[in-house]
Structure formats: structure tokens, C-alpha cells
>>> print(open('protein.cif').read())   # mmCIF, C-alpha atoms
data_input
loop_
_atom_site.label_atom_id
_atom_site.label_comp_id
_atom_site.auth_asym_id
_atom_site.auth_seq_id
_atom_site.Cartn_x
_atom_site.Cartn_y
_atom_site.Cartn_z
CA MET A 17 -34.25 -191.79 40.43
CA LYS A 18 -35.60 -192.38 36.94
CA SER A 19 -36.61 -195.90 35.95
CA VAL A 20 -35.32 -197.31 32.66
CA ASP A 21 -35.50 -200.72 31.01
CA LEU A 22 -31.78 -201.50 30.96
CA LEU A 23 -28.54 -200.33 32.53
CA LEU A 24 -25.17 -201.44 31.16
CA LEU A 25 -22.68 -200.80 33.96
CA GLY A 26 -19.00 -200.93 34.79
CA ALA A 27 -17.58 -201.27 31.28
CA SER A 28 -13.85 -200.74 30.91
CA GLN A 29 -14.77 -198.44 28.04
CA VAL A 30 -17.90 -197.13 26.39
CA VAL A 31 -16.92 -195.91 22.92
CA THR A 32 -19.62 -193.48 21.80
CA VAL A 33 -18.23 -192.37 18.38
CA ASP A 34 -20.28 -189.25 19.12
CA GLY A 35 -19.54 -185.54 19.03
CA GLY A 36 -18.61 -183.07 16.33
CA ARG A 37 -20.77 -182.04 13.43
CA ALA A 38 -23.75 -184.05 12.24
CA GLY A 39 -23.05 -186.67 9.62
CA PRO A 40 -19.96 -188.82 9.11
CA LYS A 41 -16.54 -188.04 10.56
CA ARG A 42 -14.30 -186.53 7.91
CA GLY A 43 -10.52 -186.57 7.74
CA ALA A 44 -7.83 -187.69 10.15
CA ARG A 45 -8.50 -185.19 12.93
CA ASP A 46 -12.21 -185.99 13.19
CA MET A 47 -11.88 -189.74 12.60
CA ASN A 48 -9.42 -190.07 15.49
CA LYS A 49 -11.91 -188.68 18.03
CA LEU A 50 -13.95 -191.57 19.42
CA GLY A 51 -15.44 -190.30 22.67
CA VAL A 52 -14.29 -192.93 25.19
CA VAL A 53 -15.84 -193.13 28.68
CA GLU A 54 -13.77 -195.15 31.16
CA ASP A 55 -15.73 -197.17 33.74
CA GLY A 56 -18.64 -196.40 31.44
CA ALA A 57 -22.37 -197.03 31.59
CA VAL A 58 -25.39 -196.65 29.32
CA ALA A 59 -29.06 -196.20 30.25
CA VAL A 60 -31.63 -197.57 27.79
CA HIS A 61 -35.40 -197.18 27.69
CA ARG A 62 -37.87 -198.36 25.06
CA GLY A 63 -35.11 -199.36 22.67
CA ARG A 64 -33.26 -196.06 22.72
CA VAL A 65 -30.29 -194.60 24.54
CA VAL A 66 -31.30 -192.29 27.39
CA ALA A 67 -27.89 -191.39 28.79
CA VAL A 68 -24.18 -192.23 28.63
CA GLY A 69 -21.66 -191.54 31.37
CA THR A 70 -19.51 -193.05 34.07
CA THR A 71 -21.04 -195.81 36.16
CA ASN A 72 -21.28 -193.47 39.16
CA GLU A 73 -23.05 -190.82 37.09
CA ILE A 74 -25.58 -193.25 35.62
CA THR A 75 -26.35 -195.15 38.85
CA SER A 76 -26.89 -191.90 40.75
CA THR A 77 -29.62 -190.90 38.27
CA PHE A 78 -31.21 -194.09 36.92
CA ARG A 79 -32.74 -197.25 38.29
CA GLY A 80 -32.78 -200.15 35.81
CA LEU A 81 -35.37 -202.89 35.57
CA ARG A 82 -32.45 -204.95 34.26
CA ARG A 83 -28.77 -204.38 35.08
CA VAL A 84 -25.92 -205.91 33.08
CA PHE A 85 -22.41 -205.64 34.48
CA CYS A 86 -19.71 -205.32 31.82
CA ARG A 87 -16.51 -205.39 33.91
CA GLY A 88 -13.44 -205.97 31.77
CA ARG A 89 -15.45 -205.45 28.58
CA THR A 90 -15.84 -202.70 25.98
CA ILE A 91 -19.13 -201.35 24.63
CA LEU A 92 -19.21 -200.11 21.03
CA PRO A 93 -22.01 -199.06 18.69
CA GLY A 94 -23.42 -201.96 16.69
CA PHE A 95 -21.29 -202.47 13.60
CA VAL A 96 -22.59 -201.46 10.16
CA ASP A 97 -21.48 -203.43 7.10
CA ALA A 98 -21.85 -200.99 4.21
CA HIS A 99 -21.25 -203.35 1.27
CA THR A 100 -22.32 -207.01 1.05
CA HIS A 101 -23.70 -209.51 -1.49
CA PRO A 102 -25.70 -211.95 0.67
CA VAL A 103 -28.17 -213.20 -1.99
CA PHE A 104 -26.75 -216.23 -3.76
CA ALA A 105 -27.52 -219.91 -4.21
CA LYS A 106 -24.18 -221.56 -3.44
CA MET A 107 -20.63 -220.87 -2.32
CA ARG A 108 -17.74 -221.04 -4.83
CA GLU A 109 -15.06 -222.87 -2.88
CA ASP A 110 -14.14 -224.91 -5.97
CA GLU A 111 -13.02 -221.71 -7.72
CA PHE A 112 -10.90 -220.77 -4.72
CA ALA A 113 -9.17 -224.16 -4.95
CA MET A 114 -8.60 -223.64 -8.70
CA ARG A 115 -7.07 -220.24 -8.05
CA CYS A 116 -4.79 -221.69 -5.38
CA ARG A 117 -3.58 -224.21 -7.97
CA GLY A 118 -2.69 -221.41 -10.39
CA ALA A 119 -5.81 -220.81 -12.50
CA ASP A 120 -6.49 -217.20 -13.48
CA TYR A 121 -9.90 -215.56 -13.76
CA GLU A 122 -10.24 -216.26 -17.49
CA GLU A 123 -9.59 -219.98 -16.89
CA ILE A 124 -12.17 -220.04 -14.11
CA LEU A 125 -14.72 -218.39 -16.40
CA ALA A 126 -13.93 -220.88 -19.16
CA ALA A 127 -14.60 -223.69 -16.67
CA GLY A 128 -18.05 -222.25 -16.01
CA GLY A 129 -17.19 -220.31 -12.86
CA GLY A 130 -17.31 -216.69 -11.78
CA ILE A 131 -20.34 -214.47 -11.39
CA HIS A 132 -22.14 -216.27 -14.22
CA ALA A 133 -21.98 -219.53 -12.24
CA SER A 134 -23.71 -217.71 -9.39
CA ALA A 135 -26.33 -216.39 -11.81
CA ARG A 136 -27.10 -219.84 -13.22
CA ALA A 137 -27.51 -221.28 -9.73
CA LEU A 138 -29.65 -218.42 -8.41
CA ARG A 139 -32.06 -218.37 -11.33
CA ILE A 140 -33.31 -221.89 -10.57
CA LYS A 141 -33.64 -221.38 -6.81
CA LYS A 142 -37.00 -220.67 -5.23
CA GLN A 143 -37.40 -217.48 -3.22
CA GLY A 144 -37.92 -219.41 0.01
CA GLU A 145 -34.62 -221.23 -0.45
CA LEU A 146 -32.84 -217.91 -0.95
CA VAL A 147 -34.50 -216.53 2.20
CA GLU A 148 -33.17 -219.36 4.35
CA GLY A 149 -29.65 -218.85 3.02
CA ILE A 150 -29.78 -215.11 3.67
CA ARG A 151 -31.04 -215.65 7.23
CA GLU A 152 -28.13 -217.98 7.97
CA ARG A 153 -25.73 -215.32 6.71
CA LEU A 154 -27.47 -212.61 8.75
CA ASP A 155 -26.97 -214.83 11.81
CA ASN A 156 -23.25 -214.97 11.05
CA PHE A 157 -23.10 -211.18 10.66
CA LEU A 158 -24.87 -210.80 14.00
CA LEU A 159 -22.46 -213.15 15.79
CA HIS A 160 -19.62 -210.89 14.61
CA GLY A 161 -21.31 -207.76 15.97
CA THR A 162 -22.97 -206.41 12.82
CA THR A 163 -26.43 -204.96 13.42
CA VAL A 164 -26.97 -203.24 10.03
CA VAL A 165 -26.14 -204.76 6.63
CA GLU A 166 -26.36 -203.22 3.19
CA GLY A 167 -27.32 -206.15 0.95
CA LYS A 168 -27.16 -206.09 -2.85
CA SER A 169 -28.90 -208.11 -5.52
CA GLY A 170 -26.87 -208.75 -8.68
CA TYR A 171 -26.43 -212.51 -8.92
CA GLY A 172 -29.55 -213.11 -11.01
CA LEU A 173 -29.16 -210.70 -13.94
CA THR A 174 -32.67 -211.26 -15.27
CA PHE A 175 -35.84 -209.33 -14.57
CA GLU A 176 -37.41 -212.21 -12.64
CA SER A 177 -34.33 -213.21 -10.64
CA GLU A 178 -33.33 -209.68 -9.65
CA LEU A 179 -36.82 -209.00 -8.28
CA LYS A 180 -36.77 -212.42 -6.61
CA SER A 181 -33.44 -211.55 -4.96
CA LEU A 182 -34.70 -208.24 -3.57
CA LYS A 183 -37.92 -209.84 -2.32
CA ALA A 184 -35.87 -212.55 -0.61
CA LEU A 185 -33.74 -209.87 1.07
CA ARG A 186 -36.86 -208.08 2.28
CA GLN A 187 -38.41 -211.29 3.59
CA ALA A 188 -35.20 -212.45 5.30
CA GLY A 189 -34.85 -209.14 7.09
CA ARG A 190 -38.35 -209.22 8.59
CA GLY A 191 -38.12 -210.19 12.24
CA HIS A 192 -34.34 -210.54 12.15
CA PRO A 193 -32.24 -208.46 14.59
CA VAL A 194 -29.99 -207.30 11.74
CA SER A 195 -31.47 -204.38 9.81
CA VAL A 196 -31.12 -204.83 6.04
CA VAL A 197 -30.68 -201.92 3.64
CA ARG A 198 -31.50 -203.20 0.14
CA THR A 199 -29.58 -202.22 -3.00
CA PHE A 200 -30.55 -203.06 -6.58
CA LEU A 201 -27.47 -204.20 -8.53
CA GLY A 202 -28.95 -205.48 -11.77
CA ALA A 203 -25.95 -203.88 -13.47
CA HIS A 204 -23.41 -206.16 -11.76
CA ALA A 205 -22.31 -207.80 -15.01
CA VAL A 206 -23.57 -208.24 -18.55
CA PRO A 207 -25.08 -211.75 -18.81
CA PRO A 208 -23.51 -214.04 -21.45
CA GLU A 209 -26.73 -214.10 -23.46
CA PHE A 210 -26.42 -210.30 -23.94
CA ARG A 211 -22.69 -210.20 -24.67
CA ARG A 212 -23.23 -209.16 -28.30
CA LYS A 213 -26.22 -206.91 -27.53
CA ARG A 214 -25.16 -205.00 -24.44
CA ASN A 215 -27.39 -202.05 -25.24
CA ILE A 216 -30.45 -204.29 -24.90
CA TYR A 217 -29.39 -205.39 -21.40
CA VAL A 218 -28.70 -201.79 -20.37
CA SER A 219 -32.23 -200.91 -21.52
CA GLU A 220 -33.59 -203.93 -19.65
CA VAL A 221 -32.04 -202.67 -16.40
CA ALA A 222 -32.93 -199.00 -16.91
CA GLU A 223 -36.37 -199.27 -18.49
CA ARG A 224 -37.84 -202.52 -17.20
CA MET A 225 -36.15 -203.58 -13.95
CA MET A 226 -35.70 -200.13 -12.40
CA PRO A 227 -39.33 -198.96 -12.64
CA GLU A 228 -40.57 -202.23 -11.14
CA VAL A 229 -38.03 -202.18 -8.31
CA ALA A 230 -39.16 -198.64 -7.50
CA ARG A 231 -42.87 -199.43 -7.87
CA GLN A 232 -42.67 -202.34 -5.43
CA LYS A 233 -40.31 -200.40 -3.11
CA LEU A 234 -37.82 -203.26 -3.19
CA ALA A 235 -34.65 -201.19 -2.81
CA ASP A 236 -33.31 -198.02 -1.21
CA PHE A 237 -30.30 -197.74 -3.51
CA CYS A 238 -29.20 -198.53 -7.05
CA ASP A 239 -25.60 -199.64 -7.60
CA ILE A 240 -23.60 -200.36 -10.77
CA PHE A 241 -20.21 -201.93 -11.46
CA VAL A 242 -18.18 -199.54 -13.61
CA GLU A 243 -15.05 -201.37 -14.69
CA ARG A 244 -13.40 -202.94 -17.72
CA GLY A 245 -15.40 -206.09 -18.45
CA ALA A 246 -18.45 -204.75 -16.60
CA PHE A 247 -20.18 -201.46 -17.58
CA THR A 248 -18.83 -198.39 -19.34
CA ILE A 249 -19.32 -194.80 -18.24
CA PRO A 250 -21.96 -194.07 -20.96
CA GLU A 251 -23.85 -197.25 -20.04
CA ALA A 252 -23.68 -196.35 -16.35
CA GLU A 253 -25.05 -192.88 -17.02
CA ILE A 254 -28.15 -194.35 -18.67
CA ILE A 255 -28.80 -196.62 -15.68
CA LEU A 256 -28.04 -194.02 -13.00
CA LYS A 257 -30.26 -191.42 -14.67
CA SER A 258 -33.07 -193.98 -14.54
CA ALA A 259 -32.34 -194.64 -10.87
CA ARG A 260 -32.50 -190.95 -10.07
CA ARG A 261 -35.73 -190.59 -12.05
CA HIS A 262 -37.33 -193.40 -10.06
CA GLY A 263 -36.27 -192.07 -6.66
CA LEU A 264 -33.47 -194.52 -5.80
CA LYS A 265 -30.34 -193.24 -4.09
CA ILE A 266 -27.07 -194.01 -5.85
CA LYS A 267 -23.97 -196.09 -5.14
CA VAL A 268 -21.18 -196.94 -7.59
CA HIS A 269 -18.66 -199.85 -7.74
CA ALA A 270 -15.66 -197.98 -9.14
CA ASP A 271 -11.95 -198.11 -9.93
CA GLN A 272 -11.30 -201.51 -8.36
CA PHE A 273 -8.58 -202.54 -10.82
CA ARG A 274 -7.81 -199.30 -12.65
CA ASP A 275 -8.89 -195.66 -12.59
CA GLY A 276 -11.55 -195.72 -15.28
CA GLY A 277 -13.41 -192.60 -14.18
CA GLY A 278 -15.85 -194.38 -11.87
CA ALA A 279 -15.15 -192.08 -8.95
CA LEU A 280 -15.72 -189.04 -11.17
CA LEU A 281 -19.03 -190.56 -12.25
CA ALA A 282 -20.04 -191.11 -8.60
CA ALA A 283 -19.21 -187.48 -7.87
CA LYS A 284 -21.15 -186.27 -10.91
CA PHE A 285 -24.28 -188.08 -9.70
CA LYS A 286 -23.64 -187.07 -6.06
CA ALA A 287 -23.78 -190.71 -5.01
CA THR A 288 -24.16 -191.53 -1.33
CA SER A 289 -21.08 -193.75 -1.55
CA VAL A 290 -18.50 -195.10 -3.96
CA GLU A 291 -17.25 -198.65 -3.37
CA HIS A 292 -13.79 -200.26 -3.83
CA VAL A 293 -11.84 -197.25 -5.30
CA ASP A 294 -8.55 -199.15 -4.98
CA ALA A 295 -7.06 -197.38 -8.02
CA THR A 296 -8.70 -193.92 -7.83
CA ARG A 297 -6.24 -191.10 -8.50
CA LYS A 298 -6.11 -187.54 -7.15
CA ARG A 299 -8.60 -186.06 -9.61
CA GLY A 300 -11.22 -188.58 -8.53
CA ILE A 301 -10.45 -188.08 -4.83
CA ASP A 302 -10.84 -184.31 -5.20
CA ALA A 303 -14.16 -184.77 -7.00
CA LEU A 304 -15.47 -187.11 -4.30
CA LYS A 305 -14.58 -184.60 -1.60
CA LYS A 306 -16.33 -181.76 -3.42
CA ALA A 307 -19.47 -183.88 -3.97
CA ARG A 308 -19.37 -185.22 -0.36
CA VAL A 309 -19.37 -188.87 -1.49
CA ILE A 310 -18.28 -191.49 1.06
CA PRO A 311 -15.57 -193.96 -0.08
CA VAL A 312 -16.29 -197.52 1.11
CA LEU A 313 -13.04 -199.51 1.12
CA LEU A 314 -12.99 -203.32 0.90
CA PRO A 315 -9.56 -204.63 1.92
CA SER A 316 -10.68 -208.23 2.51
CA ALA A 317 -11.53 -208.53 -1.20
CA SER A 318 -8.08 -207.26 -2.19
CA LEU A 319 -6.42 -209.67 0.24
CA PHE A 320 -8.50 -212.70 -0.74
CA MET A 321 -7.95 -212.09 -4.46
CA GLY A 322 -4.20 -211.68 -3.95
CA LEU A 323 -4.15 -208.25 -5.59
CA LYS A 324 -0.87 -206.36 -5.52
CA HIS A 325 -2.66 -203.08 -4.85
CA VAL A 326 -4.99 -202.24 -1.97
CA PRO A 327 -7.28 -199.25 -1.30
CA GLN A 328 -5.29 -196.11 -0.50
CA ALA A 329 -7.05 -195.20 2.74
CA ARG A 330 -4.54 -192.56 3.82
CA ARG A 331 -4.99 -190.59 0.61
CA PHE A 332 -8.75 -190.40 1.18
CA ILE A 333 -8.51 -189.64 4.90
CA ASP A 334 -5.75 -187.07 4.54
CA ALA A 335 -7.81 -185.37 1.81
CA GLY A 336 -10.59 -184.88 4.37
CA LEU A 337 -12.98 -187.61 3.21
CA PRO A 338 -15.13 -189.76 5.56
CA VAL A 339 -13.86 -193.29 4.87
CA ALA A 340 -15.96 -196.38 5.64
CA LEU A 341 -14.88 -200.04 5.65
CA ALA A 342 -16.96 -203.09 4.68
CA THR A 343 -16.54 -206.83 4.15
CA ASP A 344 -17.74 -207.08 0.52
CA PHE A 345 -19.14 -210.44 1.70
CA ASN A 346 -19.77 -212.60 -1.37
CA PRO A 347 -19.17 -216.21 -2.46
CA GLY A 348 -16.39 -215.51 -4.94
CA THR A 349 -13.97 -212.82 -3.78
CA SER A 350 -14.59 -212.12 -0.07
CA PRO A 351 -16.40 -214.90 1.79
CA THR A 352 -16.29 -213.34 5.28
CA GLU A 353 -18.90 -211.73 7.53
CA ASN A 354 -16.22 -210.58 10.01
CA LEU A 355 -15.95 -206.78 10.22
CA GLY A 356 -13.44 -207.18 13.04
CA LEU A 357 -11.11 -208.84 10.53
CA VAL A 358 -11.70 -205.97 8.12
CA ALA A 359 -10.81 -203.53 10.90
CA SER A 360 -7.50 -205.40 11.36
CA LEU A 361 -6.79 -205.16 7.65
CA GLY A 362 -7.61 -201.47 7.76
CA CYS A 363 -4.76 -201.02 10.23
CA SER A 364 -2.24 -203.54 8.87
CA LEU A 365 -2.78 -203.12 5.10
CA LEU A 366 -4.29 -199.65 4.67
CA GLY A 367 -2.32 -197.72 7.29
CA MET A 368 -5.34 -196.62 9.31
CA THR A 369 -5.30 -196.04 13.08
CA PRO A 370 -7.40 -198.13 15.48
CA GLU A 371 -9.60 -195.09 16.02
CA GLU A 372 -10.15 -194.58 12.30
CA VAL A 373 -11.20 -198.19 11.70
CA ILE A 374 -13.73 -198.04 14.57
CA VAL A 375 -15.27 -194.93 13.01
CA ALA A 376 -15.17 -196.60 9.58
CA ILE A 377 -17.32 -199.60 10.66
CA THR A 378 -19.78 -197.60 12.77
CA ARG A 379 -20.66 -193.96 12.18
CA ASN A 380 -19.20 -193.55 8.69
CA ALA A 381 -20.56 -196.90 7.52
CA ALA A 382 -24.01 -195.90 8.79
CA ALA A 383 -23.78 -192.69 6.75
CA ALA A 384 -22.72 -194.71 3.69
CA VAL A 385 -26.01 -196.63 3.82
CA GLY A 386 -28.19 -193.63 4.64
CA ARG A 387 -28.76 -194.61 8.30
CA GLU A 388 -26.52 -192.21 10.20
CA ASP A 389 -29.55 -190.65 11.90
CA ARG A 390 -30.28 -193.94 13.73
CA HIS A 391 -27.15 -196.06 13.83
CA GLY A 392 -23.39 -195.86 14.24
CA ARG A 393 -22.97 -194.08 17.59
CA ILE A 394 -24.05 -194.24 21.22
CA ALA A 395 -25.87 -191.04 22.15
CA PRO A 396 -29.19 -190.02 23.77
CA GLY A 397 -32.11 -190.61 21.42
CA ARG A 398 -30.20 -193.05 19.22
CA ARG A 399 -31.25 -196.64 18.66
CA ALA A 400 -29.82 -198.85 21.43
CA ASN A 401 -27.68 -201.13 19.26
CA PHE A 402 -24.46 -202.19 20.98
CA VAL A 403 -21.61 -204.66 20.64
CA ILE A 404 -20.00 -205.75 23.91
CA LEU A 405 -16.47 -207.01 23.31
CA ASP A 406 -14.79 -209.48 25.63
CA ALA A 407 -11.80 -207.13 25.78
CA PRO A 408 -10.77 -204.20 28.00
CA SER A 409 -10.18 -201.75 25.14
CA TYR A 410 -11.42 -201.00 21.63
CA THR A 411 -7.84 -201.42 20.37
CA TYR A 412 -8.24 -205.17 20.82
CA LEU A 413 -10.69 -205.29 17.91
CA PRO A 414 -8.10 -204.62 15.18
CA TYR A 415 -5.26 -206.10 17.27
CA ARG A 416 -6.74 -209.61 17.67
CA MET A 417 -6.77 -210.28 13.94
CA GLY A 418 -9.45 -212.73 12.85
CA THR A 419 -10.59 -213.44 16.41
CA ASN A 420 -14.27 -212.91 17.16
CA LEU A 421 -14.22 -210.91 20.42
CA VAL A 422 -17.98 -210.34 20.48
CA HIS A 423 -19.48 -211.44 23.80
CA SER A 424 -22.92 -209.85 23.50
CA VAL A 425 -24.99 -207.93 20.99
CA ILE A 426 -27.92 -205.71 21.95
CA VAL A 427 -30.44 -204.55 19.34
CA ARG A 428 -33.06 -201.94 20.23
CA GLY A 429 -32.31 -202.53 23.90
CA ARG A 430 -32.81 -206.30 23.69
CA GLU A 431 -29.98 -208.78 24.11
CA VAL A 432 -29.85 -210.99 21.00
CA VAL A 433 -26.38 -212.54 21.38
CA ARG A 434 -24.85 -213.66 24.66
CA ALA A 435 -21.55 -215.49 25.22
CA GLY A 436 -21.17 -216.00 21.48
CA ARG A 437 -24.61 -217.57 20.95
CA ILE A 438 -27.73 -216.17 19.33
CA LEU A 439 -30.60 -216.12 21.81
CA PRO A 440 -33.94 -217.64 20.75
CA ARG A 441 -36.28 -215.30 18.94
CA LYS A 442 -39.62 -215.44 17.25
CA ARG A 443 -39.25 -215.64 13.47
CA ARG A 444 -41.86 -214.69 10.95
#
>>> encode(input="protein.cif", output="C-alpha cells")
Amino acid sequence: MKSVDLLLLGASQVVTVDGGRAGPKRGARDMNKLGVVEDGAVAVHRGRVVAVGTTNEITSTFRGLRRVFCRGRTILPGFVDAHTHPVFAKMREDEFAMRCRGADYEEILAAGGGIHASARALRIKKQGELVEGIRERLDNFLLHGTTVVEGKSGYGLTFESELKSLKALRQAGRGHPVSVVRTFLGAHAVPPEFRRKRNIYVSEVAERMMPEVARQKLADFCDIFVERGAFTIPEAEIILKSARRHGLKIKVHADQFRDGGGALLAAKFKATSVEHVDATRKRGIDALKKARVIPVLLPSASLFMGLKHVPQARRFIDAGLPVALATDFNPGTSPTENLGLVASLGCSLLGMTPEEVIVAITRNAAAAVGREDRHGRIAPGRRANFVILDAPSYTYLPYRMGTNLVHSVIVRGREVVRAGRILPRKRR
């Protein structure tokens, strides 16, 4: 008998999301293979998975210093949220109320709302205040089963506030169970003060912000919003060339409202992922497949904004692409940290299967943030990050729309959430 730190035993299902080729799962055939072990068990030692199998197989080989019985529950890999905006100074519930009363986006902007309201509020906040807000949001992600978050800057839009945002993200992530992958999004919008001199702001992002972000190692990725009213393709090329020069990996917000060539740009730069892509047409889909770019779909944003169109998940999946899903958590257009809800929307709005949405918020999402080697599946040698659902099958996750089914969360072999509550931890 081999001694290990932890045994999880007697689960109705252990969903490994393992098997197949390395990297994300591509296309319908691969994305519908989950690797489900009935009456499953997992052995964990020193924060990593040692073995997965039936309860009889694991208990005949391993002796656990701690044993957790999971009867009637389902064990999944820790969820990965591949697109979030957690650095902001205040929520924007007043804009939501205005929209419900019939105001359109232009009217909200005229009233001082929108992304520029977020920028004004963030610029005057101290870094410590931002850190506390981010930590509260990370707690909410954790309670919903998310153990890895990709977090973007982009609500400051000045040299000082963008660096402040990324430093706050770094500080908030230290000592927190949720791992934070940082993305520089200085090119989220053109600030009002640069409206008539856009080229100067593009140079500010590419030639001043980017080198400093890279020098201080504040971000893993650079992202840019390519859309009418945001940045053009030529402007994006200047910024993305700078990102590549300074060693940052690339993401692109693209084709949310219309096909403006953003997906083609992401393919040209061989981006790790392309986000939104609600309106991307066949030419863009074919280019993404050839360049092996991962589409990250954000149905909660489409739903919350009341858009008539939603991401075309089936077109991407049937073309053989490795689709991921994310919350797009932000104060204006998707104020939710609940990936389980997003999984439901993946099934009900996007036509995905329960198996596909599980893959999309675990293994494929991990690949979309450059962490597929550590996160997103349950397999020997992998980091022991698990979500234990208070449900007998993984199908309950998308089925119980909006319900938080998370009973426990384990990060690096340590229980951090139990019975829907975060356990005490030492904070730095």
C-alpha cells in the first residue's frame, strides 16, 4: 500500500477530461469524449494527482492520510475562466436600469456611462483599493468552482492606471487559491481625450505602455478590441507587432457585432485565442482552424446585452476547432462569475452538448490561457484542482441553470471551499 496525502472516494462520477492528443480537444468527436469513471476515486500527493480509477482500484493500492467520501457527488477538474475583466472601481447597475427603461448605448454614453465611466472611477482609486475589490471577485469565482482566471486590465486607459491595474491583479492573486493569468488590454477603447488624435494613443500603448508592461513582467498576454468604435485593423497591427516584439502572447477581441476581419487578424498573428467572434464568417473560421487559434465564446454577454445574435458554436466545433467558454465577467455587459450558468447557456443558446460545455470550461479554457500543461483535466502528474458538485452526474451542471451546485473546491490538494463556504486561509 502506498501512502498519499488525500483520497477522494466513492464519487458517482469522476470526469477526467483526459485522453486523446496533447492540447485542447478539437471538434465534435473529440469534445464529446470526457473520460467518466463511475464509482470513481482520485489519489493525491503533494498537490498533484497520483492516480484515478474506481474506488476499489484506488483503495486496493493507496492508503490516504485523509479520506473524503463523495457519495452522490461528481468530481470535475477545477473550472478555468478564460476571459474576465475583474479590475474596476465600481459596478454599473445604474446603466443596466437605464437600458431596461429603453436607453440605448449612445444615450448611456451621453449620460457619462459606459467604459469611460469605469475609466474615470478607476483612475482615482488607489492600488490597494483595487486589490481588495479583485480579491472579493476571486472569492466569488472560487465559490462557483473556478480555480484559474484570465484577468484583463483595460479600464484605466492611461499609462499609470493600466500599470496600476496589472499590479493590483498580481498582488490580489498572491496567496489566493485562484490562479490569475494577467492580460494587458490597454487597447480596450480610445479614451475621450484622444478621440481626435487616435494615432497618439496607439503609439502610447505600443511604444510606452507595452515595453514597461514587459519590463516589469506584469502580463502574460496582450489583448486588443478590434471592432467599429474601438480599434481598426491597421491600429491593431501596430499594437500586436509591439506585443510580439516584447515577448507577450496574443489574444484578440474580435467580430462581436460584425465580421470586421478580427478573426483573420488573430489568425495572421497566430494568437493563442480569439474572443467573442459572434459574427465571424466562414473565411475567418477557416483561418482560425489553419492557425490553430482557440475561439473563446461569451454567451452571457450576448444574453445580458439582449443581442439578437449569439456566438455560432456549432460552426466552430463542426469545423474542427477547440471551442472554449468564458463569463466575460465585467461591470457593464456581463456581471457574473458563474461558469455553470455559462455552461447552461452553451447548451440552451449555442446548441452545444453537455459534454462539449464541460470540455469548454476546463481543458479547452486552460489551453486558451496557456495553462493546459497544468490545469483543465484530472490525470496523473497534473495539479490537483477539483470541483466537487453536489449532483450525481456532470449533466446537472448545465441542466440546473443558474444554480450553484459546487459543494467543495480543492486546489493543489487542499480543500479551500466546503459546503458552499470558503475555508479560512492565510492572506498576504
>>> resolve_selection(input="protein.cif", expression="the PyMOL selection byres ((chain A and resi 96-109) around 7)", output="number ranges by chain")
A: 94-95, 110-113, 134, 137-138, 141, 146, 150, 153, 162-169, 171, 181, 342-348, 377-378, 381-382, 384-385, 392
>>> resolve_selection(input="protein.cif", expression="the PyMOL selection byres ((chain A and resi 59) around 10)", output="PyMOL selection string")
chain A and resi 19-25+57-58+60-61+64-69+71+74-75+77-80+83+396+400+429
>>> atom_distance(input="protein.cif", atom1="CA of Gly51 in chain A", atom2="CA of Ser409 in chain A")
12.8 Å
>>> resolve_selection(input="protein.cif", expression="the PyMOL selection byres ((chain A and resi 432) around 12)", output="ChimeraX atom specification")
/A:94,155,158-159,161-163,192-194,401-404,422-431,433-442
>>> residues_near_point(input="protein.cif", point="(-37.6, -205.2, 5.6)", cutoff="12 Å", atoms="all atoms listed in the file", output="ChimeraX atom specification")
/A:164-167,182-198,233-236,444
>>> atom_distance(input="protein.cif", atom1="CA of Phe157 in chain A", atom2="CA of Glu353 in chain A")
5.3 Å
>>> closest_residue(input="protein.cif", among="A:Arg87, A:Arg62, A:Lys284, A:Arg416", to="Gly397 in chain A", atoms="all atoms listed in the file")
A:Arg62
>>> atom_distance(input="protein.cif", atom1="CA of Arg393 in chain A", atom2="CA of Gly35 in chain A")
9.3 Å
>>> closest_residue(input="protein.cif", among="A:Val52, A:Ile301, A:Ala203, A:Val293", to="Leu256 in chain A", atoms="only C-alpha atoms")
A:Ala203
>>> closest_residue(input="protein.cif", among="A:Ser364, A:Ser318, A:Ser350, A:Thr32", to="His391 in chain A", atoms="only C-alpha atoms")
A:Thr32
>>> closest_residue(input="protein.cif", among="A:Lys49, A:His204, A:His325, A:Arg299", to="Arg379 in chain A", atoms="all atoms listed in the file")
A:Lys49
>>> residues_around(input="protein.cif", residues="His160 in chain A", least_positions_apart="4", cutoff="8 Å", atoms="all atoms listed in the file", output="PyMOL selection string")
chain A and resi 156+353-356+420-422
>>> closest_residue(input="protein.cif", among="A:Gly202, A:Gly386, A:Pro351, A:Gly362", to="Thr174 in chain A", atoms="all atoms listed in the file")
A:Gly202
>>> residues_around(input="protein.cif", residues="Arg139 in chain A", least_positions_apart="3", cutoff="8 Å", atoms="all atoms listed in the file", output="number ranges by chain")
A: 135-136, 172, 177
>>> closest_atom_pairs(input="protein.cif", of="range 145-203 of chain A", to="range 258-282 of chain A", cutoff="10 Å", atoms="only C-alpha atoms", output="tab-separated table")
residue	atom	partner	partner_atom	distance
A:Thr199	CA	A:Lys267	CA	8.6
A:Phe200	CA	A:Leu264	CA	9.1
A:Leu201	CA	A:Lys267	CA	9.5
>>> residues_around(input="protein.cif", residues="Ile374 in chain A", least_positions_apart="5", cutoff="9 Å", atoms="only C-alpha atoms", output="JSON, numbers by chain")
{"A": [33, 47, 50, 92, 95, 359, 369, 379, 410, 411, 413, 414]}
>>> closest_residue(input="protein.cif", among="A:Val30, A:Glu251, A:Met114, A:Gly88", to="Ile216 in chain A", atoms="all atoms listed in the file")
A:Glu251
